[in-house]
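S.K.: The structure that follows is given in the form of structure tokens.
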Amino acid sequence: MAPPPPQQYDQCLALAHVKPQQAYNEAGAWRDTGGGFPAQHCQAVALIEMKKYPEAAKRLEDMAAAMMGVNPRLRGGVLDQAGQAWILAGKPAKANVDFDAALNFEPGDPAILIDRAEAYGLQKKFFKAIDDLNRVLDKYPDRVDALIYRASAYRQIGQLGLALDDVTRALKIDPNAVAGLLARGNIRRLQGNIAGAKADWQRVEALAPGTRAAQAAKYNIARLANTPSIPKIGGAPDRKAPQTSAR
């Protein structure tokens with residue numbers, strides 16, 4: 001006997017993370033036999049796991065458009081995930097369209113505002129990013145991810161004092177925040193605190209070996225040995241794949 005839909009949905013999502021092609025195929029068969037939005041969503045998650053980001057984004061957009069009469073928060077969550085997929089695809093302008101639409105369904109949602117701020121940052125629209133992050137931090141002053149993103153945006157516009165204030169606050173809340181340590185290392189290096197920058201990057205390597213953050217930290221440390229002027233690398237949290245269930 002087939003499991004009931006909620007259980008089948010959970011099983012499909014779990015499979016999507018380890019065997020995405022199999023999950024995609026099974027979700028397609030489920031969709032064809034009345035699986036509805038859960039089956040469609042599982043297929044989109046599987047596409048993301050297969051790094052087929054544009055196709056996943058379009059699937060999620062189509063799904064949101066078809067969700068007439070469904071809880072608006074669910075539609076907003078699906079559109080937010082579509083935007084995240086566009087970011088993974090390297091298309092932040094397309095992501096902004098979905099984030100704007102998601103906020104129409106979930107006004108003021110902090111996660112969507114942070115996602116939109118990231119998209120703005122990738123387009124070098126740092127003041128718009130800061131505006132969104134201000135909205136989040138006005139209500140949730142201890143959001144570590146928002147503080148780190150805003151620190152990175154401040155750094156990009158040359159406001160190193162404000163950037164350091166934000167990342168210092170973030171690291172007081174979560175001393176092991178890898179993205180915060182990477183960001184503080186960048187800020188310290190720009191302020192001439194080479195020893196402090198190196199210490200932060202070495203801690204990133206120790207806390208998160210094998211990650212993109214550790215690779216960036218290692219590169220920065222290597223560049224420190226050769227020149228006091230190095231490229232600005234990292235500083236914001238790594239983009240993660242969308243959540244595996246619509247909100």
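If you're wondering about the labels, chains in the structure tokens are A, B, ... by order shown, residues count from 1 in each chain, ligands from 1 in order shown.
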Name the residues in contact with stretch 159-164 of chain A at a cut-off of 10 Å, using only C-alpha atoms, excluding same-chain residues fewer than 2 positions from it; report them as a compact mmCIF listing (two decimals) with N, CA, C and O atoms, in the first residue's frame.

M.R.:
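The resulting file, around-v5.txt, is reproduced below:
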# COMPACT_ATOMS: atom_id res chain seq x y z
N LEU A 147 22.90 40.65 10.20
CA LEU A 147 24.03 41.48 10.63
C LEU A 147 25.25 41.24 9.74
O LEU A 147 25.95 42.19 9.35
N ILE A 148 25.50 39.99 9.39
CA ILE A 148 26.67 39.68 8.56
C ILE A 148 26.49 40.21 7.15
O ILE A 148 27.42 40.80 6.56
N TYR A 149 25.30 40.05 6.60
CA TYR A 149 25.04 40.59 5.27
C TYR A 149 25.18 42.11 5.27
O TYR A 149 25.75 42.70 4.34
N ARG A 150 24.65 42.76 6.30
CA ARG A 150 24.74 44.22 6.32
C ARG A 150 26.19 44.67 6.50
O ARG A 150 26.62 45.66 5.91
N ALA A 151 26.95 43.94 7.30
CA ALA A 151 28.37 44.25 7.44
C ALA A 151 29.07 44.18 6.09
O ALA A 151 29.89 45.04 5.75
N SER A 152 28.75 43.16 5.31
CA SER A 152 29.36 43.01 3.99
C SER A 152 28.96 44.15 3.06
O SER A 152 29.79 44.66 2.29
N ALA A 153 27.69 44.56 3.14
CA ALA A 153 27.23 45.68 2.31
C ALA A 153 27.92 46.98 2.73
O ALA A 153 28.36 47.77 1.88
N TYR A 154 28.02 47.20 4.04
CA TYR A 154 28.73 48.40 4.51
C TYR A 154 30.18 48.39 4.04
O TYR A 154 30.74 49.43 3.66
N ARG A 155 30.81 47.23 4.09
CA ARG A 155 32.20 47.14 3.63
C ARG A 155 32.31 47.55 2.16
O ARG A 155 33.24 48.26 1.78
N GLN A 156 31.37 47.11 1.37
CA GLN A 156 31.43 47.40 -0.05
C GLN A 156 31.26 48.89 -0.36
O GLN A 156 31.75 49.36 -1.40
N ILE A 157 30.60 49.63 0.50
CA ILE A 157 30.46 51.08 0.26
C ILE A 157 31.48 51.88 1.08
O ILE A 157 31.38 53.10 1.17
N ASP A 166 28.69 45.83 13.01
CA ASP A 166 27.70 44.79 12.75
C ASP A 166 28.28 43.39 12.94
O ASP A 166 27.66 42.52 13.56
N VAL A 167 29.46 43.16 12.39
CA VAL A 167 30.01 41.81 12.47
C VAL A 167 30.45 41.50 13.90
O VAL A 167 30.38 40.35 14.34
N THR A 168 30.86 42.51 14.65
CA THR A 168 31.20 42.31 16.06
C THR A 168 29.96 41.88 16.84
O THR A 168 30.01 40.96 17.67
N ARG A 169 28.83 42.54 16.57
CA ARG A 169 27.56 42.15 17.21
C ARG A 169 27.20 40.71 16.85
O ARG A 169 26.80 39.92 17.70
N ALA A 170 27.35 40.37 15.57
CA ALA A 170 27.01 39.02 15.12
C ALA A 170 27.85 37.98 15.84
O ALA A 170 27.35 36.94 16.28
N ALA A 183 33.97 37.54 7.20
CA ALA A 183 33.70 38.95 6.95
C ALA A 183 34.58 39.84 7.81
O ALA A 183 35.12 40.84 7.33
N ARG A 184 34.73 39.49 9.09
CA ARG A 184 35.56 40.33 9.95
C ARG A 184 37.01 40.32 9.51
O ARG A 184 37.71 41.35 9.59
N GLY A 185 37.49 39.18 9.01
CA GLY A 185 38.85 39.14 8.48
C GLY A 185 39.01 40.11 7.33
O GLY A 185 40.03 40.83 7.24
N ASN A 186 38.03 40.17 6.44
CA ASN A 186 38.11 41.12 5.32
C ASN A 186 38.14 42.56 5.80
O ASN A 186 38.90 43.39 5.29
N ILE A 187 37.29 42.85 6.78
CA ILE A 187 37.22 44.22 7.30
C ILE A 187 38.52 44.57 8.02
O ILE A 187 39.08 45.66 7.82
N ARG A 188 39.01 43.68 8.84
CA ARG A 188 40.26 43.93 9.56
C ARG A 188 41.42 44.15 8.60
O ARG A 188 42.26 45.03 8.82
N LEU A 190 41.30 45.38 5.62
CA LEU A 190 41.15 46.71 5.02
C LEU A 190 41.50 47.82 6.01
O LEU A 190 41.93 48.90 5.60
N GLN A 191 41.33 47.53 7.30
CA GLN A 191 41.68 48.52 8.33
C GLN A 191 43.15 48.44 8.73
O GLN A 191 43.60 49.21 9.57

S.K.: Write out as number ranges by chain each polymer residue whose atoms come within 12 Å of A:Ala65, counting only C-alpha atoms; drop sequence neighbours fewer than 3 positions from it.

M.R.: A: 37, 58-62, 68-70, 72, 74-76, 78-79, 82, 98, 101-102

S.K.: Can you tell me, as an MDAnalysis selection string, what residues are no more than 8 Å from stretch 117-119 of chain A when counting only C-alpha atoms, ignoring any on the same chain fewer than 6 positions away?

M.R.: chainID A and resid 87 92:93 95:96 128:130 132:133 149

S.K.: With all heavy atoms retained, export the selected residues as a compact mmCIF listing (two decimals), in the first residue's frame.

M.R.:
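That gives us part37.txt:
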# COMPACT_ATOMS: atom_id res chain seq x y z
N ILE A 87 19.22 32.78 -7.80
CA ILE A 87 20.52 33.19 -7.26
C ILE A 87 21.55 32.10 -7.51
O ILE A 87 22.68 32.36 -7.94
CB ILE A 87 20.42 33.53 -5.76
CG1 ILE A 87 19.71 34.87 -5.58
CG2 ILE A 87 21.81 33.60 -5.13
CD1 ILE A 87 19.59 35.31 -4.13
N PRO A 92 20.62 37.14 -10.39
CA PRO A 92 20.00 37.85 -9.26
C PRO A 92 18.87 38.79 -9.67
O PRO A 92 17.95 39.02 -8.87
CB PRO A 92 21.17 38.62 -8.64
CG PRO A 92 22.18 38.74 -9.73
CD PRO A 92 22.04 37.48 -10.54
N ALA A 93 18.90 39.35 -10.88
CA ALA A 93 17.80 40.22 -11.30
C ALA A 93 16.50 39.43 -11.42
O ALA A 93 15.43 39.92 -11.04
CB ALA A 93 18.15 40.90 -12.63
N ALA A 95 15.91 36.79 -9.72
CA ALA A 95 15.57 36.47 -8.33
C ALA A 95 14.77 37.60 -7.70
O ALA A 95 13.80 37.37 -6.97
CB ALA A 95 16.84 36.20 -7.53
N ASN A 96 15.16 38.83 -7.98
CA ASN A 96 14.47 39.97 -7.40
C ASN A 96 12.99 39.99 -7.76
O ASN A 96 12.14 40.35 -6.94
CB ASN A 96 15.10 41.28 -7.86
CG ASN A 96 16.19 41.77 -6.93
OD1 ASN A 96 17.28 42.12 -7.39
ND2 ASN A 96 15.93 41.81 -5.64
N LYS A 128 20.25 49.50 -1.51
CA LYS A 128 18.96 48.80 -1.44
C LYS A 128 19.08 47.58 -0.53
O LYS A 128 18.14 47.26 0.22
CB LYS A 128 18.52 48.38 -2.84
CG LYS A 128 18.01 49.53 -3.69
CD LYS A 128 17.39 49.02 -4.99
CE LYS A 128 16.75 50.16 -5.77
NZ LYS A 128 16.06 49.68 -6.99
N ALA A 129 20.20 46.90 -0.60
CA ALA A 129 20.41 45.76 0.30
C ALA A 129 20.37 46.21 1.75
O ALA A 129 19.72 45.57 2.60
CB ALA A 129 21.74 45.08 -0.02
N ILE A 130 21.03 47.30 2.04
CA ILE A 130 21.06 47.81 3.41
C ILE A 130 19.66 48.20 3.87
O ILE A 130 19.27 47.95 5.02
CB ILE A 130 22.05 48.99 3.51
CG1 ILE A 130 23.49 48.48 3.39
CG2 ILE A 130 21.86 49.74 4.84
CD1 ILE A 130 24.51 49.57 3.16
N ASP A 132 16.80 46.82 3.00
CA ASP A 132 16.08 45.60 3.37
C ASP A 132 16.59 45.04 4.69
O ASP A 132 15.80 44.58 5.54
CB ASP A 132 16.22 44.55 2.28
CG ASP A 132 15.19 44.71 1.17
OD1 ASP A 132 14.24 45.50 1.33
OD2 ASP A 132 15.33 44.04 0.13
N LEU A 133 17.89 45.05 4.88
CA LEU A 133 18.46 44.51 6.12
C LEU A 133 18.11 45.38 7.32
O LEU A 133 17.91 44.86 8.43
CB LEU A 133 19.97 44.35 5.95
CG LEU A 133 20.35 43.32 4.88
CD1 LEU A 133 21.82 43.46 4.51
CD2 LEU A 133 20.05 41.90 5.34
N TYR A 149 25.30 40.05 6.60
CA TYR A 149 25.04 40.59 5.27
C TYR A 149 25.18 42.11 5.27
O TYR A 149 25.75 42.70 4.34
CB TYR A 149 23.65 40.20 4.78
CG TYR A 149 23.57 38.88 4.07
CD1 TYR A 149 22.76 37.86 4.54
CD2 TYR A 149 24.31 38.65 2.91
CE1 TYR A 149 22.68 36.64 3.89
CE2 TYR A 149 24.23 37.43 2.26
CZ TYR A 149 23.43 36.43 2.74
OH TYR A 149 23.35 35.23 2.10

S.K.: For A:Glu55, which of A:Lys139, A:Ala195, A:Phe127, A:Leu88 is the closest residue, counting only C-alpha atoms?

M.R.: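 For A:Glu55, the nearest of the candidates is A:Leu88.
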
S.K.: Write out as a PyMOL selection string all residues of stretch 62-116 of chain A that DSSP puts in helix (DSSP H, G or I) for this structure's backbone.

M.R.: chain A and resi 62-66+72-88+92-105+110-116

S.K.: Record the distance separating atom CA of A:Tyr24 and atom CA of A:Gln43, expressed in Å with one decimal.

M.R.: 4.8 Å

S.K.: I want to know what sits within 7 Å of A:Ala56, based on only C-alpha atoms, with residues of the same chain fewer than 3 positions away left out; could you give that as a ChimeraX atom specification?

M.R.: /A:44,47-48,52-53,59-60,85

S.K.: Of the candidates A:Asn220, A:Asn134, A:Thr33, A:Gln84, which shows the shortest atom-to-atom distance to A:Phe99, using only C-alpha atoms?

M.R.: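 When distances to A:Phe99 are compared using only C-alpha atoms, the smallest one comes from A:Gln84.
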
S.K.: Neighbouring residues of A:Ala23 were defined as those with any atom within 12 Å, considering only C-alpha atoms; residues of the same chain fewer than 3 positions away were excluded. Please report them as an MDAnalysis selection string.

M.R.: chainID A and resid 8:20 26:31 39:50

S.K.: Residues near A:Ala111, anyone? I mean within 9 Å using only C-alpha atoms, not counting same-chain ones fewer than 5 positions away, as a VMD selection string.

M.R.: chain A and resid 80 116 136

S.K.: Ranking A:Asp109, A:Asp145, A:Lys51, A:Ala89 by minimum distance to A:Gly77 and counting only C-alpha atoms, which one comes first?

M.R.: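 Looking only at the distances to A:Gly77, the closest residue turns out to be A:Asp109.
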